[in-house]
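Below is one structure; the comments refer to it alone.
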Amino acid sequence: MSTLVITLPAAPAGSADSYSYTLSLDGHGVSRHGQASAALLPQPGRTGETVALVPLRALSWQRVSLPPGALAQPARLRAVLQGLLEEHLLDEPAALHFALQPGAHTGQPAWVAVCDRAWLGAALQALEAAGHPVDRVVPEFAPAASPQTELYWLGQPEDGYLVRCSPDPAQAPCLLPLPAHDLSQAAALPELLHELLHGPARPGPQHDLPPGQPTDNPTNSPTNSHATEPPRAYAEPALAALAEQLLGRAPHLQTAAERALQAARGGPDGPWELAQFELASSGGQRLLRRIGSAADRFARAPQWRAARWGLALALLVQLLGLNLWAWAERQQLAAKQASIRQLLTQTFPQVQVVVDAPLQMERELARLRQHTGSLSPQDLEPLLSAAAHALPPSQQPSGIEYHQGVLRLSGITLSPQELEPVQQQLAAQQIRASLPQSGVLQLQARDSADAPSATAALPALPAAPPGQRP
């Protein structure tokens, strides 16, 4: 599925001249990137999605514990978050937009992304007015999005900054600006890196942070479990030399387009969704997007390669098993058919060509009965005997007609309630009883029930006067 990632500018939507964008045809590799006005942004295609990327500088991360029952009423969840964060924000909560961490549970700590509500709404409206309605809104960096501590050297030498992402779920992404005048002082550069790894760093825009926040906040300092692990470093080409000078090793090169596409894919638990509450789409649209995104990640993401191979192997085993089962069933059916043909030729040696073994055996048995004078269930005497035992004593036939295994008794008038026990008693003797017309009871053995010529050859009997045989 193609993906268009648009980085939202920090300037208000009306004054933004261009947008940085990244277009991927498969959602994993960068196919095209650049900057363009909203009207000239490329289209992701009919089956693609448009993702808006919120820069880290525009977000503030706050950690809360949801009270019991907070998630049971989604309509009141924003009011709950406002009450929890009211004392931790400088701006009015009504002027801010909140987005709760995916998979949050009541009674457990969860992250809340906070940004300017008017700015985000205006940016999304500007894109929609230009023909690019946004399907998802994701942060540039999110807490615990990586299994290892990561450092990102972003921007240009005159306006660069460092970002630290920790695998600890209790730590938010930390940002440390790199002023241009400090970059010219080589002696001060290691101190900047030490400040990022071991000292305070601001986790977002200052207007969302409370005054006098302590510098030893757990969201701004690494934990002991990850302090000894060497961080994985990424740098944009413009800051690669500076990163190598500070780290003593070459960092991995990562362009802004690759980082934007990585943010759109999200971490191991999936991407964040900042479009919540009043910015959320309908439930059906969200469900379709989640299904499409999950299917695309499963089909293309490298971490799902083993699962894809396992699924393909399971399908192959199922296909082979079905073929083997069908082959065994065919062999059993062929063996049964061969035994039936062998039984026919052994019992009736005069049969030289076997076309339909059951039908030919029935015909041979009929001829044998005819030669020996024995009765078959389709003969007149067995049918009359069965009718005599099944019919009520008050029902006496006024006419009897027999033709090719079908016995018709006229003058029998049975209501549906009276016919049902007669049919049940005759069915126990493998005889089918029916009323094809008023006053006529038809009996036919089940062995000859499939012979259509037997009943079709019988004309309708005229109604005979009571007490008179035709």
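Just remember, in the structure tokens the first chain shown is A, the second B, etc., residues are 1-based per chain, and ligands are 1-based in the order shown.
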
**Report entry** Neighbour list for region 109-120 of chain A as a PyMOL selection string, cut-off 8 Å, only C-alpha atoms, skip fewer than 3 positions in-chain
**Finding:** chain A and resi 12-13+58-66+95-101+104-105+123-124+143+208+274

Query raised in the report: Which residues in region 373-433 of chain A does DSSP call helix (DSSP H, G or I)? List them as a PyMOL selection string.
Result: chain A and resi 380-390+416-427

Could the residues in this selection be saved with C-alpha atoms as a short mmCIF file (atom, residue, chain, number, x, y, z; two decimals), in the first residue's frame?
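Final output, out03.cif:
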data_model
loop_
_atom_site.label_atom_id
_atom_site.label_comp_id
_atom_site.auth_asym_id
_atom_site.auth_seq_id
_atom_site.Cartn_x
_atom_site.Cartn_y
_atom_site.Cartn_z
CA LEU A 380 -48.63 -56.86 -6.54
CA GLU A 381 -48.98 -59.30 -3.63
CA PRO A 382 -46.46 -57.62 -1.25
CA LEU A 383 -47.96 -54.20 -1.98
CA LEU A 384 -51.54 -55.41 -1.37
CA SER A 385 -50.49 -57.13 1.86
CA ALA A 386 -48.79 -53.98 3.12
CA ALA A 387 -51.82 -51.85 2.22
CA ALA A 388 -54.17 -54.22 4.02
CA HIS A 389 -52.17 -53.95 7.24
CA ALA A 390 -51.68 -50.19 7.04
CA PRO A 416 -53.81 -35.51 6.18
CA GLN A 417 -53.99 -36.60 9.82
CA GLU A 418 -55.03 -40.13 8.75
CA LEU A 419 -52.50 -40.33 5.92
CA GLU A 420 -49.48 -39.63 8.14
CA PRO A 421 -49.63 -42.86 10.27
CA VAL A 422 -50.29 -44.89 7.09
CA GLN A 423 -47.18 -43.42 5.44
CA GLN A 424 -45.07 -44.07 8.54
CA GLN A 425 -46.16 -47.73 8.72
CA LEU A 426 -45.55 -48.30 5.02
CA ALA A 427 -42.19 -46.48 5.16
#

Report task. Enumerate, as a list in words, the complete set of residues in region 259-452 of chain A that a backbone-based DSSP assignment places in strand (DSSP E or B). Result -> Gly267, Gly270, Gly399, Ile400, Glu401, Tyr402, His403, Val406, Leu407, Arg408, Leu409, Ser410, Ile431, Arg432, Ala433, Ser434, Leu435, Pro436, Gln437, Val440, Leu441, Gln442, Leu443, Gln444 and Ala445 of chain A

Query - Surrounding residues of Pro358 (chain A) excluding itself and chain neighbours under 3 positions, 9 Å, only C-alpha atoms, as an NGL selection string - result: :A and (340-341 or 344 or 361-363)

**Report entry** region 32-42 of chain A surroundings by only C-alpha atoms, 7 Å radius, close-in-sequence under 5 positions cut, as an MDAnalysis selection string
**Finding:** chainID A and resid 17:24 127 130 257

Quick one: write out the picked residues with N, CA and C atoms as a PDB file, in the first residue's frame?
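After the write, selection_1.pdb holds the following:
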ATOM      1  N   ASP A  17       4.323  27.987   3.286  1.00  0.00           N
ATOM      2  CA  ASP A  17       4.503  28.032   1.833  1.00  0.00           C
ATOM      3  C   ASP A  17       4.683  26.643   1.237  1.00  0.00           C
ATOM      4  N   SER A  18       5.347  25.749   1.957  1.00  0.00           N
ATOM      5  CA  SER A  18       5.622  24.420   1.408  1.00  0.00           C
ATOM      6  C   SER A  18       5.601  23.402   2.529  1.00  0.00           C
ATOM      7  N   TYR A  19       5.440  22.150   2.100  1.00  0.00           N
ATOM      8  CA  TYR A  19       5.410  21.014   3.008  1.00  0.00           C
ATOM      9  C   TYR A  19       6.479  20.022   2.588  1.00  0.00           C
ATOM     10  N   SER A  20       7.175  19.471   3.550  1.00  0.00           N
ATOM     11  CA  SER A  20       8.089  18.359   3.265  1.00  0.00           C
ATOM     12  C   SER A  20       7.260  17.080   3.164  1.00  0.00           C
ATOM     13  N   TYR A  21       7.521  16.296   2.145  1.00  0.00           N
ATOM     14  CA  TYR A  21       6.731  15.089   1.935  1.00  0.00           C
ATOM     15  C   TYR A  21       7.648  13.926   1.596  1.00  0.00           C
ATOM     16  N   THR A  22       7.152  12.735   1.835  1.00  0.00           N
ATOM     17  CA  THR A  22       7.829  11.488   1.494  1.00  0.00           C
ATOM     18  C   THR A  22       6.789  10.547   0.908  1.00  0.00           C
ATOM     19  N   LEU A  23       7.047  10.036  -0.271  1.00  0.00           N
ATOM     20  CA  LEU A  23       6.129   9.124  -0.943  1.00  0.00           C
ATOM     21  C   LEU A  23       6.784   7.753  -1.048  1.00  0.00           C
ATOM     22  N   SER A  24       6.076   6.738  -0.616  1.00  0.00           N
ATOM     23  CA  SER A  24       6.550   5.354  -0.687  1.00  0.00           C
ATOM     24  C   SER A  24       5.490   4.515  -1.385  1.00  0.00           C
ATOM     25  N   LEU A 127      -4.676  20.900   4.503  1.00  0.00           N
ATOM     26  CA  LEU A 127      -4.375  19.775   3.622  1.00  0.00           C
ATOM     27  C   LEU A 127      -5.642  19.209   2.981  1.00  0.00           C
ATOM     28  N   ALA A 130      -6.772  21.279   0.147  1.00  0.00           N
ATOM     29  CA  ALA A 130      -5.923  21.127  -1.037  1.00  0.00           C
ATOM     30  C   ALA A 130      -6.092  19.761  -1.702  1.00  0.00           C
ATOM     31  N   ALA A 257      13.555  11.963   5.007  1.00  0.00           N
ATOM     32  CA  ALA A 257      12.488  11.187   4.366  1.00  0.00           C
ATOM     33  C   ALA A 257      12.412   9.781   4.937  1.00  0.00           C
TER      34      ALA A 257
END

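Across the model, the gap from CA of Gln444 (chain A) to CA of Gln378 (chain A) is 7.1 Å.
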
**Report entry** A:Glu258, A:Glu329, A:Glu244, A:Glu273 ranked by distance to His28 (chain A), top pick (using only C-alpha atoms)
**Finding:** A:Glu258

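Ranking A:Leu25, A:Ile431, A:Val354, A:Val440 by their shortest atom-to-atom distance to Ser398 (chain A), with only C-alpha atoms included, puts A:Val440 first.
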
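For the pair CA of His252 (chain A) and CA of Ala235 (chain A), the interatomic distance is 6.2 Å.
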
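CA of Asp356 (chain A) lies 24.9 Å from CA of His403 (chain A).
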